[in-house]
Every structure is written in C-alpha cells, then in structure tokens.
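Structure file run37.cif; described as mmCIF, C-alpha atoms.
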```
data_work
loop_
_atom_site.label_atom_id
_atom_site.label_comp_id
_atom_site.auth_asym_id
_atom_site.auth_seq_id
_atom_site.Cartn_x
_atom_site.Cartn_y
_atom_site.Cartn_z
CA MET J 205 -15.47 6.53 3.63
CA ALA J 206 -11.79 6.23 4.50
CA HIS J 207 -9.22 8.57 2.94
CA PRO J 208 -5.43 8.42 2.51
CA THR J 209 -3.31 8.89 5.67
CA GLN J 210 -6.40 8.46 7.86
CA LEU J 211 -5.43 7.28 11.34
CA GLY J 212 -8.82 6.90 13.01
CA PHE J 213 -12.11 5.23 12.17
CA GLN J 214 -14.52 6.35 9.49
CA ASP J 215 -17.23 8.81 10.51
CA ALA J 216 -20.07 6.97 12.23
CA ALA J 217 -23.25 6.57 10.18
CA SER J 218 -25.25 4.55 12.71
CA PRO J 219 -25.96 4.77 16.46
CA VAL J 220 -24.03 1.55 17.15
CA MET J 221 -20.95 2.84 15.35
CA GLU J 222 -21.11 6.04 17.40
CA GLU J 223 -21.10 3.92 20.57
CA LEU J 224 -18.13 1.93 19.25
CA LEU J 225 -16.19 5.15 18.57
CA HIS J 226 -16.89 6.42 22.09
CA PHE J 227 -15.78 3.10 23.58
CA HIS J 228 -12.62 3.17 21.48
CA ASP J 229 -11.73 6.64 22.79
CA HIS J 230 -12.55 5.54 26.36
CA ALA J 231 -10.31 2.46 26.17
CA LEU J 232 -7.54 4.33 24.36
CA MET J 233 -7.41 6.98 27.09
CA ILE J 234 -7.07 4.29 29.77
CA VAL J 235 -4.24 2.64 27.81
CA PHE J 236 -2.54 6.01 27.35
CA LEU J 237 -2.66 6.80 31.08
CA ILE J 238 -1.35 3.34 32.01
CA SER J 239 1.48 3.61 29.47
CA THR J 240 2.44 7.06 30.76
CA LEU J 241 2.51 5.85 34.38
CA VAL J 242 4.61 2.76 33.55
CA LEU J 243 7.04 4.83 31.48
CA TYR J 244 7.43 7.33 34.34
CA ILE J 245 8.11 4.53 36.84
CA ILE J 246 10.69 2.91 34.56
CA VAL J 247 12.51 6.20 33.98
CA ALA J 248 12.42 7.02 37.70
CA MET J 249 13.77 3.60 38.70
CA VAL J 250 16.59 3.77 36.15
CA THR J 251 17.73 7.32 36.84
CA THR J 252 17.41 7.66 40.63
CA LYS J 253 20.18 6.59 42.94
CA LEU J 254 18.01 6.56 46.04
CA THR J 255 16.58 3.40 47.62
CA ASN J 256 13.34 3.45 49.60
CA MET J 257 12.79 0.42 51.86
CA PHE J 258 9.02 1.10 52.03
CA ILE J 259 8.71 0.78 48.23
CA LEU J 260 10.82 -2.38 48.05
CA ASP J 261 8.75 -4.15 50.70
CA SER J 262 5.30 -2.70 51.40
CA GLN J 263 2.04 -4.60 51.90
CA GLU J 264 -0.05 -1.52 51.13
CA ILE J 265 1.56 -0.99 47.70
CA GLU J 266 1.03 -4.67 46.81
CA ILE J 267 -2.67 -4.33 47.68
CA ILE J 268 -2.97 -1.20 45.51
CA TRP J 269 -1.33 -2.69 42.42
CA THR J 270 -3.53 -5.78 42.76
CA ILE J 271 -6.87 -3.98 43.21
CA LEU J 272 -6.24 -1.09 40.79
CA PRO J 273 -5.88 -3.27 37.65
CA ALA J 274 -9.08 -5.10 38.60
CA ILE J 275 -10.96 -1.78 38.81
CA ILE J 276 -9.53 -0.68 35.45
CA LEU J 277 -10.65 -3.95 33.82
CA ILE J 278 -14.16 -3.41 35.17
CA LEU J 279 -14.21 0.13 33.74
CA ILE J 280 -13.37 -1.36 30.34
CA ALA J 281 -15.59 -4.47 30.53
CA LEU J 282 -18.90 -2.83 31.53
CA PRO J 283 -19.15 -0.44 28.53
CA SER J 284 -17.97 -3.24 26.25
CA LEU J 285 -20.72 -5.62 27.42
CA ARG J 286 -23.32 -2.85 27.02
CA ILE J 287 -22.32 -2.34 23.37
CA LEU J 288 -22.32 -6.11 22.73
CA TYR J 289 -25.94 -6.32 23.86
CA LEU J 290 -26.84 -3.23 21.81
CA MET J 291 -25.38 -4.84 18.69
CA ASP J 292 -27.47 -7.98 19.21
CA GLU J 293 -30.69 -6.03 19.73
CA ILE J 294 -33.17 -6.42 16.87
CA ASN J 295 -36.54 -4.76 17.51
CA ASN J 296 -39.29 -4.63 14.86
CA PRO J 297 -37.16 -4.11 11.73
CA HIS J 298 -38.86 -2.07 9.01
CA LEU J 299 -37.05 -3.98 6.26
CA THR J 300 -35.29 -7.33 5.96
CA VAL J 301 -32.59 -7.92 3.35
CA LYS J 302 -30.87 -11.25 2.75
CA ALA J 303 -27.23 -11.00 1.62
CA ILE J 304 -25.73 -14.11 0.00
CA GLY J 305 -22.00 -14.35 -0.57
CA HIS J 306 -20.66 -16.03 -3.72
CA GLN J 307 -17.25 -16.37 -5.32
CA TRP J 308 -16.90 -13.44 -5.96
CA TYR J 309 -19.99 -11.25 -5.75
CA TRP J 310 -22.97 -10.61 -3.48
CA SER J 311 -26.65 -11.34 -4.07
CA TYR J 312 -29.44 -9.45 -2.30
CA GLU J 313 -33.00 -10.57 -1.69
CA TYR J 314 -35.58 -8.19 -0.23
CA THR J 315 -37.70 -10.70 1.65
CA ASP J 316 -40.56 -8.22 2.16
CA TYR J 317 -40.91 -8.02 -1.64
CA GLN J 318 -41.26 -11.30 -3.50
CA GLU J 319 -39.64 -10.14 -6.74
CA ILE J 320 -36.81 -7.83 -5.66
CA THR J 321 -33.58 -9.79 -5.95
CA PHE J 322 -30.35 -8.93 -7.78
CA ASP J 323 -26.63 -9.67 -7.98
CA SER J 324 -24.04 -7.04 -7.11
CA TYR J 325 -20.74 -7.20 -9.03
CA MET J 326 -17.74 -4.92 -8.78
CA VAL J 327 -17.45 -2.37 -11.59
CA PRO J 328 -14.22 -3.05 -13.57
CA THR J 329 -11.64 -0.27 -13.53
CA GLN J 330 -12.04 0.46 -17.24
CA ASP J 331 -15.81 1.00 -16.80
CA LEU J 332 -15.61 3.49 -13.93
CA THR J 333 -17.07 6.94 -14.42
CA PRO J 334 -15.57 10.12 -12.86
CA GLY J 335 -16.28 10.19 -9.13
CA GLN J 336 -16.52 6.43 -8.69
CA PHE J 337 -14.01 4.57 -6.51
CA ARG J 338 -11.78 1.83 -7.85
CA LEU J 339 -12.37 -1.62 -6.32
CA LEU J 340 -15.30 -0.25 -4.29
CA GLU J 341 -18.06 0.58 -6.78
CA VAL J 342 -20.70 -2.00 -7.77
CA ASP J 343 -23.22 -2.21 -10.59
CA HIS J 344 -26.22 -2.65 -8.25
CA ARG J 345 -26.20 -1.02 -4.82
CA MET J 346 -28.11 -2.32 -1.83
CA THR J 347 -30.67 0.46 -1.30
CA ILE J 348 -32.32 0.99 2.08
CA PRO J 349 -34.41 3.71 3.77
CA SER J 350 -32.48 5.94 6.14
CA GLU J 351 -33.44 6.36 9.81
CA ALA J 352 -35.19 2.97 9.80
CA PRO J 353 -34.19 -0.31 11.52
CA ILE J 354 -32.83 -2.71 8.90
CA ARG J 355 -32.28 -6.43 9.50
CA ILE J 356 -29.65 -8.22 7.41
CA LEU J 357 -29.76 -12.00 7.00
CA ILE J 358 -26.34 -13.19 5.89
CA THR J 359 -25.29 -16.51 4.41
CA ALA J 360 -22.98 -17.90 1.72
CA GLU J 361 -23.38 -20.30 -1.17
CA ASP J 362 -19.86 -21.70 -1.49
CA VAL J 363 -17.14 -20.67 1.00
CA LEU J 364 -16.81 -18.40 4.01
CA HIS J 365 -17.39 -14.70 3.37
CA SER J 366 -17.93 -11.72 5.68
CA TRP J 367 -20.37 -8.84 5.10
CA ALA J 368 -18.77 -5.71 6.56
CA VAL J 369 -19.57 -1.99 6.29
CA PRO J 370 -17.32 -0.05 8.73
CA ALA J 371 -19.27 3.23 8.73
CA LEU J 372 -22.42 1.39 9.84
CA GLY J 373 -20.63 -0.68 12.49
CA VAL J 374 -21.67 -3.93 10.81
CA LYS J 375 -19.53 -7.05 10.33
CA MET J 376 -21.02 -10.54 10.16
CA ASP J 377 -19.64 -13.80 8.77
CA ALA J 378 -21.43 -15.45 5.85
CA VAL J 379 -21.27 -19.22 6.43
CA PRO J 380 -22.59 -21.82 3.96
CA GLY J 381 -25.59 -23.65 5.43
CA ARG J 382 -25.98 -21.13 8.25
CA LEU J 383 -28.12 -17.99 8.47
CA ASN J 384 -26.66 -15.17 10.57
CA GLN J 385 -28.46 -11.94 11.27
CA THR J 386 -27.57 -8.46 12.37
CA ALA J 387 -29.26 -5.07 12.32
CA PHE J 388 -28.40 -1.40 11.92
CA ILE J 389 -29.94 2.02 11.43
CA ALA J 390 -28.46 4.41 8.87
CA SER J 391 -28.54 7.76 10.67
CA ARG J 392 -28.53 9.83 7.50
CA PRO J 393 -28.77 9.42 3.72
CA GLY J 394 -25.51 8.52 2.04
CA VAL J 395 -23.45 5.88 0.26
CA TYR J 396 -21.45 3.56 2.50
CA TYR J 397 -18.73 1.24 1.25
CA GLY J 398 -17.48 -2.06 2.60
CA GLN J 399 -15.66 -5.18 1.48
CA CYS J 400 -15.68 -8.91 2.15
CA SER J 401 -13.63 -9.35 5.32
CA GLU J 402 -12.97 -13.09 5.12
CA ILE J 403 -10.34 -14.49 2.75
CA CYS J 404 -12.51 -16.40 0.27
CA GLY J 405 -10.28 -17.17 -2.69
CA ALA J 406 -8.40 -15.60 -5.57
CA ASN J 407 -10.78 -12.66 -6.09
CA HIS J 408 -11.47 -11.96 -2.43
CA SER J 409 -10.45 -8.31 -2.95
CA PHE J 410 -12.94 -7.82 -5.76
CA MET J 411 -16.36 -8.27 -4.12
CA PRO J 412 -17.14 -4.89 -2.52
CA ILE J 413 -20.32 -3.92 -0.68
CA VAL J 414 -22.15 -0.66 -1.32
CA VAL J 415 -25.11 0.40 0.83
CA GLU J 416 -27.07 3.43 -0.33
CA ALA J 417 -29.34 4.96 2.32
CA VAL J 418 -32.08 7.21 0.93
CA PRO J 419 -35.14 8.95 2.40
CA LEU J 420 -38.23 6.75 2.65
CA LYS J 421 -40.01 8.41 -0.29
CA PHE J 422 -37.09 7.72 -2.63
CA PHE J 423 -36.87 4.13 -1.36
CA GLN J 424 -40.55 3.62 -2.18
CA ASP J 425 -39.95 4.97 -5.69
CA TRP J 426 -36.92 2.68 -6.09
CA SER J 427 -38.80 -0.42 -4.90
CA THR J 428 -41.71 0.37 -7.23
CA LEU J 429 -39.31 0.69 -10.16
CA MET J 430 -37.61 -2.61 -9.25
CA LEU J 431 -40.98 -4.39 -9.09
CA GLU J 432 -41.97 -3.01 -12.47
CA ASN J 433 -38.72 -4.23 -14.03
CA ALA J 434 -38.89 -7.67 -12.40
#
```
Translate this structure into structure tokens?
Amino acid sequence: MAHPTQLGFQDAASPVMEELLHFHDHALMIVFLISTLVLYIIVAMVTTKLTNMFILDSQEIEIIWTILPAIILILIALPSLRILYLMDEINNPHLTVKAIGHQWYWSYEYTDYQEITFDSYMVPTQDLTPGQFRLLEVDHRMTIPSEAPIRILITAEDVLHSWAVPALGVKMDAVPGRLNQTAFIASRPGVYYGQCSEICGANHSFMPIVVEAVPLKFFQDWSTLMLENA
C-alpha cells in the first residue's frame, strides 16, 4: 500500500498493473526528453546574440518539427492501446464476484456459491486493533485465490460509486441499473487496499475496499467456513 512521502505508484500486484507502471515510465521518459530539449532551445535563443538565417527560414526544419511530434505520439499511442485491450481481456475466470456499492459500504456476492454474500463496512477508529490502518480497514474482506483470473461485476444500488484497488490496477465505476465488469489476477498473496473513487455523498471517504488474496487451499477453507455459517 502507499506510504507517507511516496512519489510513485504502489508496487504492482497484478500483471496489468506491471504493464501500467512500465507504460508510465516510458511516457515519463519521453516527456522528460521533450522538456529538456525545449528548455535548451529557449535558453539558447535567449542568451545567444547570433542570428542564423537558415534556422529562421528553413523548409527542412519545418518538415522535421512536423513529422517528429507525429512519431512521438505514435510511440506513446501504440503501447497505450495494447494495455487498453489487455485490461478488457476476460478469459475463463476461475471466480466471479459481484460488488455492489451502497451509501456508504460495499456488498459482495460470490456468484459461483449461492450462499456466500456479505456486507463490508469500514472499521471505526475506536475499534481498530494494532497494525490495522485507519479509514482503510473493513470488518469483512473480499477474499480471493491468488494467481487465478478473477472477474468482478460492479454495480450500485443508490448513487454513483467507483470500485478501485490501485495495487491491482483495477478501477471501474459502479452505476445504478448498469452492470460493469473487469478482471484481474493477484500475482501473489497479500492484502490490497482501495477506496471508492467517485464522490458519492457525505461519507464518501468512509467506504474502503480490502481485497485479501490467499493461496487456493486457504480460499477453499474460507469458502467452506462461509457456507457452513450461512
């Protein structure tokens, strides 16, 4: 998860998020090189007292500064389109979970199991135990198997919400009357935190998302326990 004074993204916990981090670094390097070149040209033009007639009026230079930006845009657009298609790819998910946004909590339904459904509320500050994070911990975590394709169906009951977990590279709007879907693979076991990313009312800041990825054996034990308690 994020930590104080952090400047970059959270560590990637899914293949898609790793691709997004690589694309971010790729685009940032292009922006850095362009900014450096423009700054050098500005400083050179301001400080020099020489005038070059071939720079002031040159067909070749005009061709270069027209074609070069187009090539740079292509170098940015192609990787971006590739990642967009990767994010929309949903192939044979091993588990489907339906996330329903409410004011101001989340409900989860495991559609592969008829009786696994629960509400997930934020743990109040006074009830936190040592090691838990304020405004991020919930009473019931969404538990999934790690290293398995997971499909998330996202909707809302009342107003617009947004289900977002940065470490997994997932962010999808929850719209009343509409069912959106996205997918991810948790690369390793862990606990991943997120928050509603759409302003949804007075307690918008108090409906966190916690995804706990566990090995398959532990997920089977958890699902069996949930079915027994249903």
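Distance check against Gln385 in chain J using all atoms listed in the file: of J:Ile294, J:Leu364, J:Ala217, J:Ala406, the minimum falls on J:Ile294.
In terms of minimum interatomic distance to Thr347 in chain J, J:Ser427 ranks closest within J:Ser284, J:Thr386, J:Gln399, J:Ser427, counting all atoms listed in the file.
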Need the neighbours of (-28.1, -7.5, 7.4): which residues are at most 9 Å away, counting all atoms listed in the file, as a list of chain:residue names? J:Thr300, J:Val301, J:Lys302, J:Ala303, J:Ile354, J:Arg355, J:Ile356, J:Leu357, J:Ile358, J:Trp367, J:Val374, J:Met376, J:Asn384, J:Gln385, J:Thr386, J:Ala387, J:Phe388
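Nearest residue to Met346 in chain J among J:Glu432, J:Asp261, J:Glu361, J:Asp323 is J:Asp323, counting only C-alpha atoms.
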Could you tell me which residues the PyMOL selection byres ((chain J and resi 309-314) around 8) returns for this structure, as an MDAnalysis selection string? chainID J and resid 299:308 315:326 346 410:413
